[in-house]
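S.K.: Sharing data-v1.pdb, PDB, C-alpha atoms and all ligand atoms:
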```pdb
ATOM      1  CA  MET T   1      71.839 105.651 114.209
ATOM      2  CA  ILE T   2      71.191 107.820 117.239
ATOM      3  CA  ASN T   3      68.459 110.075 115.954
ATOM      4  CA  GLU T   4      66.231 110.283 118.987
ATOM      5  CA  PRO T   5      68.296 110.695 122.119
ATOM      6  CA  HIS T   6      65.352 111.775 124.269
ATOM      7  CA  LEU T   7      66.386 109.627 127.224
ATOM      8  CA  SER T   8      70.002 110.765 127.170
ATOM      9  CA  PRO T   9      72.233 112.765 127.516
ATOM     10  CA  LYS T  10      71.440 113.855 131.079
ATOM     11  CA  GLY T  11      71.778 117.306 132.584
ATOM     12  CA  THR T  12      72.433 119.118 129.351
ATOM     13  CA  GLY T  13      70.658 120.333 126.264
ATOM     14  CA  TRP T  14      71.495 119.515 122.666
ATOM     15  CA  ILE T  15      70.583 120.224 119.055
ATOM     16  CA  GLU T  16      69.128 117.767 116.543
ATOM     17  CA  VAL T  17      68.873 118.742 112.876
ATOM     18  CA  ILE T  18      66.587 117.035 110.355
ATOM     19  CA  ALA T  19      67.779 118.158 106.912
ATOM     20  CA  GLY T  20      66.599 117.215 103.457
ATOM     21  CA  CYS T  21      64.910 118.212 100.217
ATOM     22  CA  MET T  22      61.193 118.847  99.756
ATOM     23  CA  PHE T  23      58.931 115.769 100.091
ATOM     24  CA  SER T  24      61.599 113.909 102.098
ATOM     25  CA  GLY T  25      59.511 113.740 105.288
ATOM     26  CA  LYS T  26      61.347 116.346 107.375
ATOM     27  CA  THR T  27      58.216 117.720 109.024
ATOM     28  CA  ASP T  28      56.791 114.208 109.552
ATOM     29  CA  GLU T  29      59.984 113.266 111.373
ATOM     30  CA  LEU T  30      59.904 116.478 113.424
ATOM     31  CA  ILE T  31      56.272 115.838 114.410
ATOM     32  CA  ARG T  32      57.060 112.200 115.260
ATOM     33  CA  ARG T  33      59.860 113.202 117.637
ATOM     34  CA  LEU T  34      57.806 115.965 119.258
ATOM     35  CA  ARG T  35      54.805 113.671 119.792
ATOM     36  CA  ARG T  36      57.034 111.063 121.432
ATOM     37  CA  ALA T  37      58.492 113.732 123.723
ATOM     38  CA  GLU T  38      54.914 114.675 124.693
ATOM     39  CA  ILE T  39      54.164 111.024 125.462
ATOM     40  CA  ALA T  40      57.238 111.132 127.703
ATOM     41  CA  LYS T  41      55.473 113.988 129.567
ATOM     42  CA  GLN T  42      57.906 116.627 128.361
ATOM     43  CA  LYS T  43      56.676 120.145 127.630
ATOM     44  CA  VAL T  44      56.979 120.815 123.918
ATOM     45  CA  ILE T  45      56.738 124.015 121.889
ATOM     46  CA  VAL T  46      57.126 124.340 118.108
ATOM     47  CA  PHE T  47      58.001 127.427 116.099
ATOM     48  CA  LYS T  48      57.699 128.242 112.447
ATOM     49  CA  PRO T  49      58.604 131.377 110.492
ATOM     50  CA  SER T  50      55.800 133.760 109.550
ATOM     51  CA  ILE T  51      56.790 133.499 105.867
ATOM     52  CA  ASP T  52      55.441 129.973 105.797
ATOM     53  CA  ASN T  53      51.665 130.226 106.104
ATOM     54  CA  ARG T  54      50.713 127.395 103.774
ATOM     55  CA  TYR T  55      47.912 125.096 104.945
ATOM     56  CA  SER T  56      47.539 126.607 108.424
ATOM     57  CA  ASN T  57      48.570 129.594 110.479
ATOM     58  CA  ARG T  58      48.582 127.748 113.762
ATOM     59  CA  ASN T  59      50.055 124.349 112.935
ATOM     60  CA  ILE T  60      53.114 122.894 111.373
ATOM     61  CA  VAL T  61      51.800 120.630 108.644
ATOM     62  CA  SER T  62      53.660 118.040 106.606
ATOM     63  CA  HIS T  63      52.915 117.136 103.003
ATOM     64  CA  ASN T  64      51.418 113.992 104.551
ATOM     65  CA  GLU T  65      48.939 116.198 106.417
ATOM     66  CA  GLN T  66      50.363 115.389 109.820
ATOM     67  CA  SER T  67      50.054 118.490 111.958
ATOM     68  CA  LEU T  68      50.949 119.916 115.355
ATOM     69  CA  PRO T  69      50.018 123.258 116.954
ATOM     70  CA  SER T  70      52.805 125.794 116.486
ATOM     71  CA  VAL T  71      53.770 129.380 117.267
ATOM     72  CA  THR T  72      54.507 131.647 114.308
ATOM     73  CA  ILE T  73      57.377 134.080 114.812
ATOM     74  CA  THR T  74      59.320 136.547 112.668
ATOM     75  CA  ASP T  75      62.630 136.623 114.565
ATOM     76  CA  PRO T  76      64.350 133.569 116.094
ATOM     77  CA  GLN T  77      65.185 135.701 119.170
ATOM     78  CA  GLN T  78      61.478 135.482 120.096
ATOM     79  CA  MET T  79      61.986 131.779 120.803
ATOM     80  CA  ILE T  80      64.098 132.537 123.871
ATOM     81  CA  GLU T  81      61.335 134.194 125.861
ATOM     82  CA  LEU T  82      58.544 131.996 124.502
ATOM     83  CA  SER T  83      60.266 128.710 125.361
ATOM     84  CA  VAL T  84      61.242 129.480 128.949
ATOM     85  CA  ASP T  85      58.758 126.949 130.354
ATOM     86  CA  PHE T  86      59.413 124.189 127.791
ATOM     87  CA  GLN T  87      61.936 121.358 127.764
ATOM     88  CA  VAL T  88      61.728 120.550 124.066
ATOM     89  CA  VAL T  89      61.823 123.216 121.340
ATOM     90  CA  GLY T  90      60.935 122.328 117.743
ATOM     91  CA  VAL T  91      61.589 124.507 114.708
ATOM     92  CA  ASP T  92      60.141 123.841 111.248
ATOM     93  CA  GLU T  93      61.201 125.446 107.934
ATOM     94  CA  ALA T  94      64.470 126.584 109.499
ATOM     95  CA  GLN T  95      65.784 127.774 106.128
ATOM     96  CA  PHE T  96      63.402 130.752 106.321
ATOM     97  CA  PHE T  97      65.011 132.024 109.519
ATOM     98  CA  GLY T  98      68.250 133.946 109.148
ATOM     99  CA  ASN T  99      71.595 133.020 110.653
ATOM    100  CA  GLY T 100      70.294 134.341 113.981
ATOM    101  CA  LEU T 101      68.727 130.908 114.423
ATOM    102  CA  VAL T 102      72.185 129.428 115.015
ATOM    103  CA  ASP T 103      72.896 131.584 118.068
ATOM    104  CA  THR T 104      69.369 131.097 119.368
ATOM    105  CA  ALA T 105      69.540 127.298 119.011
ATOM    106  CA  ASN T 106      72.902 127.226 120.783
ATOM    107  CA  PHE T 107      71.552 129.484 123.537
ATOM    108  CA  LEU T 108      68.536 127.226 124.128
ATOM    109  CA  ALA T 109      70.654 124.058 124.098
ATOM    110  CA  ASP T 110      73.100 125.696 126.508
ATOM    111  CA  LYS T 111      70.099 126.336 128.779
ATOM    112  CA  GLY T 112      69.454 122.595 128.886
ATOM    113  CA  LYS T 113      66.764 122.292 126.243
ATOM    114  CA  ARG T 114      66.429 119.677 123.516
ATOM    115  CA  VAL T 115      66.237 121.665 120.278
ATOM    116  CA  ILE T 116      64.951 119.847 117.173
ATOM    117  CA  ILE T 117      65.264 121.743 113.900
ATOM    118  CA  ALA T 118      63.887 120.711 110.497
ATOM    119  CA  GLY T 119      64.769 122.506 107.274
ATOM    120  CA  LEU T 120      65.659 122.431 103.589
ATOM    121  CA  ASP T 121      69.390 121.909 103.330
ATOM    122  CA  MET T 122      69.675 123.023  99.682
ATOM    123  CA  ASP T 123      67.746 125.452  97.513
ATOM    124  CA  TYR T 124      66.359 124.540  94.070
ATOM    125  CA  LYS T 125      69.822 125.090  92.558
ATOM    126  CA  ALA T 126      71.291 122.590  95.053
ATOM    127  CA  VAL T 127      73.115 125.443  96.796
ATOM    128  CA  PRO T 128      73.347 125.014 100.607
ATOM    129  CA  PHE T 129      70.557 127.021 102.226
ATOM    130  CA  GLU T 130      71.657 129.157 105.183
ATOM    131  CA  PRO T 131      71.445 128.740 108.094
ATOM    132  CA  MET T 132      71.239 124.944 107.596
ATOM    133  CA  PRO T 133      74.992 124.408 106.976
ATOM    134  CA  GLN T 134      75.805 126.296 110.172
ATOM    135  CA  LEU T 135      73.121 124.404 112.118
ATOM    136  CA  LEU T 136      74.433 121.068 110.846
ATOM    137  CA  ALA T 137      77.872 122.070 112.106
ATOM    138  CA  VAL T 138      76.758 122.914 115.650
ATOM    139  CA  ALA T 139      74.220 120.067 116.072
ATOM    140  CA  GLU T 140      74.990 116.976 118.129
ATOM    141  CA  TYR T 141      72.627 114.790 116.065
ATOM    142  CA  ILE T 142      71.954 114.989 112.342
ATOM    143  CA  THR T 143      69.390 113.163 110.219
ATOM    144  CA  LYS T 144      69.325 113.547 106.450
ATOM    145  CA  THR T 145      65.954 112.595 105.028
ATOM    146  CA  LEU T 146      65.787 111.466 101.405
ATOM    147  CA  ALA T 147      62.795 111.561  99.092
ATOM    148  CA  ILE T 148      62.270 109.396  96.007
ATOM    149  CA  CYS T 149      63.274 110.748  92.601
ATOM    150  CA  VAL T 150      60.081 111.128  90.562
ATOM    151  CA  VAL T 151      62.045 110.459  87.336
ATOM    152  CA  CYS T 152      64.105 107.350  88.095
ATOM    153  CA  GLY T 153      63.053 106.105  91.534
ATOM    154  CA  ASN T 154      66.472 106.535  93.168
ATOM    155  CA  PRO T 155      66.816 108.145  96.586
ATOM    156  CA  ALA T 156      66.461 111.901  96.023
ATOM    157  CA  ASP T 157      68.188 114.712  97.899
ATOM    158  CA  ARG T 158      67.410 117.628  95.567
ATOM    159  CA  THR T 159      64.425 119.844  94.971
ATOM    160  CA  GLN T 160      63.553 120.366  91.303
ATOM    161  CA  ARG T 161      61.687 123.553  90.440
ATOM    162  CA  LYS T 162      59.272 122.792  87.620
ATOM    163  CA  SER T 163      58.773 126.344  86.377
ATOM    164  CA  PHE T 164      61.250 129.126  85.751
ATOM    165  CA  SER T 165      61.746 131.699  88.465
ATOM    166  CA  SER T 166      64.908 133.199  89.865
ATOM    167  CA  GLU T 167      63.312 133.763  93.283
ATOM    168  CA  ARG T 168      65.071 131.598  95.833
ATOM    169  CA  VAL T 169      61.796 130.728  97.540
ATOM    170  CA  LEU T 170      58.300 130.223  96.162
ATOM    171  CA  VAL T 171      56.361 129.831  99.377
ATOM    172  CA  GLY T 172      53.379 127.551  99.479
ATOM    173  CA  ALA T 173      53.938 126.353  95.955
ATOM    174  CA  ALA T 174      54.559 122.669  96.567
ATOM    175  CA  GLU T 175      53.064 121.905  93.168
ATOM    176  CA  SER T 176      55.937 123.885  91.618
ATOM    177  CA  TYR T 177      58.496 121.414  92.940
ATOM    178  CA  GLU T 178      59.400 117.755  92.856
ATOM    179  CA  ALA T 179      62.098 115.581  94.369
ATOM    180  CA  ARG T 180      64.966 114.516  92.103
ATOM    181  CA  CYS T 181      68.225 112.630  92.503
ATOM    182  CA  ARG T 182      71.615 114.097  91.599
ATOM    183  CA  LYS T 183      71.481 112.594  88.114
ATOM    184  CA  CYS T 184      67.980 113.846  87.235
ATOM    185  CA  HIS T 185      68.142 117.285  88.870
ATOM    186  CA  PHE T 186      68.795 120.293  86.629
ATOM    187  CA  ILE T 187      68.535 124.053  86.902
ATOM    188  CA  GLN T 188      66.069 125.633  84.521
ATOM    189  CA  THR T 189      67.074 128.778  82.704
ATOM    190  CA  GLU T 190      64.852 131.291  80.967
ATOM    191  CA  ASP T 191      65.411 129.862  77.483
TER     192      ASP T 191
HETATM  193 ZN    ZN I 201      66.651 110.346  89.381
END
```
As structure tokens - that is how I would like this structure written.
Ligand code: ZN

M.R.:
Amino acid sequence: MINEPHLSPKGTGWIEVIAGCMFSGKTDELIRRLRRAEIAKQKVIVFKPSIDNRYSNRNIVSHNEQSLPSVTITDPQQMIELSVDFQVVGVDEAQFFGNGLVDTANFLADKGKRVIIAGLDMDYKAVPFEPMPQLLAVAEYITKTLAICVVCGNPADRTQRKSFSSERVLVGAAESYEARCRKCHFIQTED
């Protein structure tokens, strides 16, 4: 599996997407790749959406408490100006950016940058979460991270919401969710 092509290709940028459910290690994997790029003396910048201010306003933080300094933005367009001097551009919680992230990621990759994007690929109803489907389509390299189903121990690709709410996103409420496999995942209704 080519999931870390930091030594190649040459002379061009590209997009890597790390997609998965909650608790699958997406942010850990993003941080791992960015740290290795830093060790390789590449200039790295990481963005996260302003909606996600759990744990820290200035870092991306995984459930494992790994963290890396990050820049909080509201519009993916801001990445273009802010990443001019950087070779590697990371994005966490990509599902909270709109579809504008797709054009921005393509623009940065076209400019020769390595763009690494982590995000939830499905919402709590197991419906694909834009713009992840579009990002997966335009990326050169894709990694799907799996969690462990808390019910049966199988690999898990779904996020189970433990309490009823029809909001698509409950930010910063990790305790309201758990990882489930296809068989154990269900959608709660009001009654
Ligand atoms: Zn299960």

S.K.: Between T:Ile187, T:Leu170, T:Ala147, T:Ile73, which one has atoms that come closest to T:Ser24, using all atoms listed in the file?

M.R.: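 The shortest atom-to-atom distance to T:Ser24 comes from T:Ala147.
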
S.K.: With the PyMOL selection byres (((chain T and resi 154) around 12) and not hetatm) as the selection, what would be picked from this file? Answer as a PDB file with C-alpha atoms, in the frame of the given file, please.

M.R.:
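And here's expr.pdb as it stands now:
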```pdb
ATOM      1  CA  LEU T 146      65.787 111.466 101.405  1.00  0.00           C
ATOM      2  CA  ALA T 147      62.795 111.561  99.092  1.00  0.00           C
ATOM      3  CA  ILE T 148      62.270 109.396  96.007  1.00  0.00           C
ATOM      4  CA  CYS T 149      63.274 110.748  92.601  1.00  0.00           C
ATOM      5  CA  VAL T 150      60.081 111.128  90.562  1.00  0.00           C
ATOM      6  CA  VAL T 151      62.045 110.459  87.336  1.00  0.00           C
ATOM      7  CA  CYS T 152      64.105 107.350  88.095  1.00  0.00           C
ATOM      8  CA  GLY T 153      63.053 106.105  91.534  1.00  0.00           C
ATOM      9  CA  PRO T 155      66.816 108.145  96.586  1.00  0.00           C
ATOM     10  CA  ALA T 156      66.461 111.901  96.023  1.00  0.00           C
ATOM     11  CA  ASP T 157      68.188 114.712  97.899  1.00  0.00           C
ATOM     12  CA  ARG T 158      67.410 117.628  95.567  1.00  0.00           C
ATOM     13  CA  ALA T 179      62.098 115.581  94.369  1.00  0.00           C
ATOM     14  CA  ARG T 180      64.966 114.516  92.103  1.00  0.00           C
ATOM     15  CA  CYS T 181      68.225 112.630  92.503  1.00  0.00           C
ATOM     16  CA  ARG T 182      71.615 114.097  91.599  1.00  0.00           C
ATOM     17  CA  LYS T 183      71.481 112.594  88.114  1.00  0.00           C
ATOM     18  CA  CYS T 184      67.980 113.846  87.235  1.00  0.00           C
ATOM     19  CA  HIS T 185      68.142 117.285  88.870  1.00  0.00           C
TER      20      HIS T 185
END
```

S.K.: Excluding stretch 10-20 of chain T and residues on its chain fewer than 4 positions from it, collect all residues at most 6 Å away from it, counting only C-alpha atoms, and give them as a compact mmCIF listing (two decimals) with C-alpha atoms, keeping the file's coordinate frame.

M.R.:
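As a result, selection.txt now contains:
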```
# COMPACT_ATOMS: atom_id res chain seq x y z
CA ALA T 109 70.65 124.06 124.10
CA ASP T 110 73.10 125.70 126.51
CA GLY T 112 69.45 122.60 128.89
CA LYS T 113 66.76 122.29 126.24
CA ARG T 114 66.43 119.68 123.52
CA VAL T 115 66.24 121.66 120.28
CA ILE T 116 64.95 119.85 117.17
CA ILE T 117 65.26 121.74 113.90
CA ALA T 118 63.89 120.71 110.50
CA GLY T 119 64.77 122.51 107.27
CA LEU T 120 65.66 122.43 103.59
CA ASP T 121 69.39 121.91 103.33
CA ALA T 139 74.22 120.07 116.07
CA GLU T 140 74.99 116.98 118.13
CA TYR T 141 72.63 114.79 116.06
CA ILE T 142 71.95 114.99 112.34
CA THR T 143 69.39 113.16 110.22
CA LYS T 144 69.32 113.55 106.45
CA THR T 145 65.95 112.60 105.03
```

S.K.: Taking 4 positions as the minimum chain separation for residues in the same chain, which residues sit within 7 Å of stretch 122-135 of chain T when counting all atoms listed in the file? Answer as an mmCIF file with C-alpha atoms, keeping the file's coordinate frame.

M.R.:
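Just written: out_22.cif:
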```cif
data_model
loop_
_atom_site.group_PDB
_atom_site.id
_atom_site.type_symbol
_atom_site.label_atom_id
_atom_site.label_comp_id
_atom_site.auth_asym_id
_atom_site.auth_seq_id
_atom_site.Cartn_x
_atom_site.Cartn_y
_atom_site.Cartn_z
ATOM 1 C CA CYS T 21 64.910 118.212 100.217
ATOM 2 C CA GLN T 95 65.784 127.774 106.128
ATOM 3 C CA GLY T 98 68.250 133.946 109.148
ATOM 4 C CA ASN T 99 71.595 133.020 110.653
ATOM 5 C CA VAL T 102 72.185 129.428 115.015
ATOM 6 C CA ALA T 139 74.220 120.067 116.072
ATOM 7 C CA ARG T 158 67.410 117.628 95.567
ATOM 8 C CA THR T 159 64.425 119.844 94.971
ATOM 9 C CA GLN T 160 63.553 120.366 91.303
ATOM 10 C CA ARG T 161 61.687 123.553 90.440
ATOM 11 C CA ARG T 168 65.071 131.598 95.833
ATOM 12 C CA ILE T 187 68.535 124.053 86.902
#
```

S.K.: Evaluate the PyMOL selection byres (((chain T and resi 82-91) around 8) and not hetatm) here and jot the selected residues down as a ChimeraX atom specification.

M.R.: /T:30,34,37,42-48,78-81,92-94,112-118

S.K.: Write a file of the selected residues as an mmCIF file, in the frame of the given file, keeping C-alpha atoms.

M.R.:
```cif
data_model
loop_
_atom_site.group_PDB
_atom_site.id
_atom_site.type_symbol
_atom_site.label_atom_id
_atom_site.label_comp_id
_atom_site.auth_asym_id
_atom_site.auth_seq_id
_atom_site.Cartn_x
_atom_site.Cartn_y
_atom_site.Cartn_z
ATOM 1 C CA LEU T 30 59.904 116.478 113.424
ATOM 2 C CA LEU T 34 57.806 115.965 119.258
ATOM 3 C CA ALA T 37 58.492 113.732 123.723
ATOM 4 C CA GLN T 42 57.906 116.627 128.361
ATOM 5 C CA LYS T 43 56.676 120.145 127.630
ATOM 6 C CA VAL T 44 56.979 120.815 123.918
ATOM 7 C CA ILE T 45 56.738 124.015 121.889
ATOM 8 C CA VAL T 46 57.126 124.340 118.108
ATOM 9 C CA PHE T 47 58.001 127.427 116.099
ATOM 10 C CA LYS T 48 57.699 128.242 112.447
ATOM 11 C CA GLN T 78 61.478 135.482 120.096
ATOM 12 C CA MET T 79 61.986 131.779 120.803
ATOM 13 C CA ILE T 80 64.098 132.537 123.871
ATOM 14 C CA GLU T 81 61.335 134.194 125.861
ATOM 15 C CA ASP T 92 60.141 123.841 111.248
ATOM 16 C CA GLU T 93 61.201 125.446 107.934
ATOM 17 C CA ALA T 94 64.470 126.584 109.499
ATOM 18 C CA GLY T 112 69.454 122.595 128.886
ATOM 19 C CA LYS T 113 66.764 122.292 126.243
ATOM 20 C CA ARG T 114 66.429 119.677 123.516
ATOM 21 C CA VAL T 115 66.237 121.665 120.278
ATOM 22 C CA ILE T 116 64.951 119.847 117.173
ATOM 23 C CA ILE T 117 65.264 121.743 113.900
ATOM 24 C CA ALA T 118 63.887 120.711 110.497
#
```

S.K.: Would you place a box with edges along x, y and z of the file around all atoms of stretch 147-164 of chain T listed there, add 8 Å to each of its six sides, and report the centre and edge lengths in Å to one decimal, as AutoDock Vina command-line options?

M.R.:
```
--center_x 63.5 --center_y 117.6 --center_z 92.4 --size_x 25.4 --size_y 39.0 --size_z 29.3
```

S.K.: Closest to ligand ZN 201 (chain I) among T:Ser163, T:Phe23, T:Phe186, T:Glu175, using only C-alpha atoms and all ligand atoms?

M.R.: T:Phe186
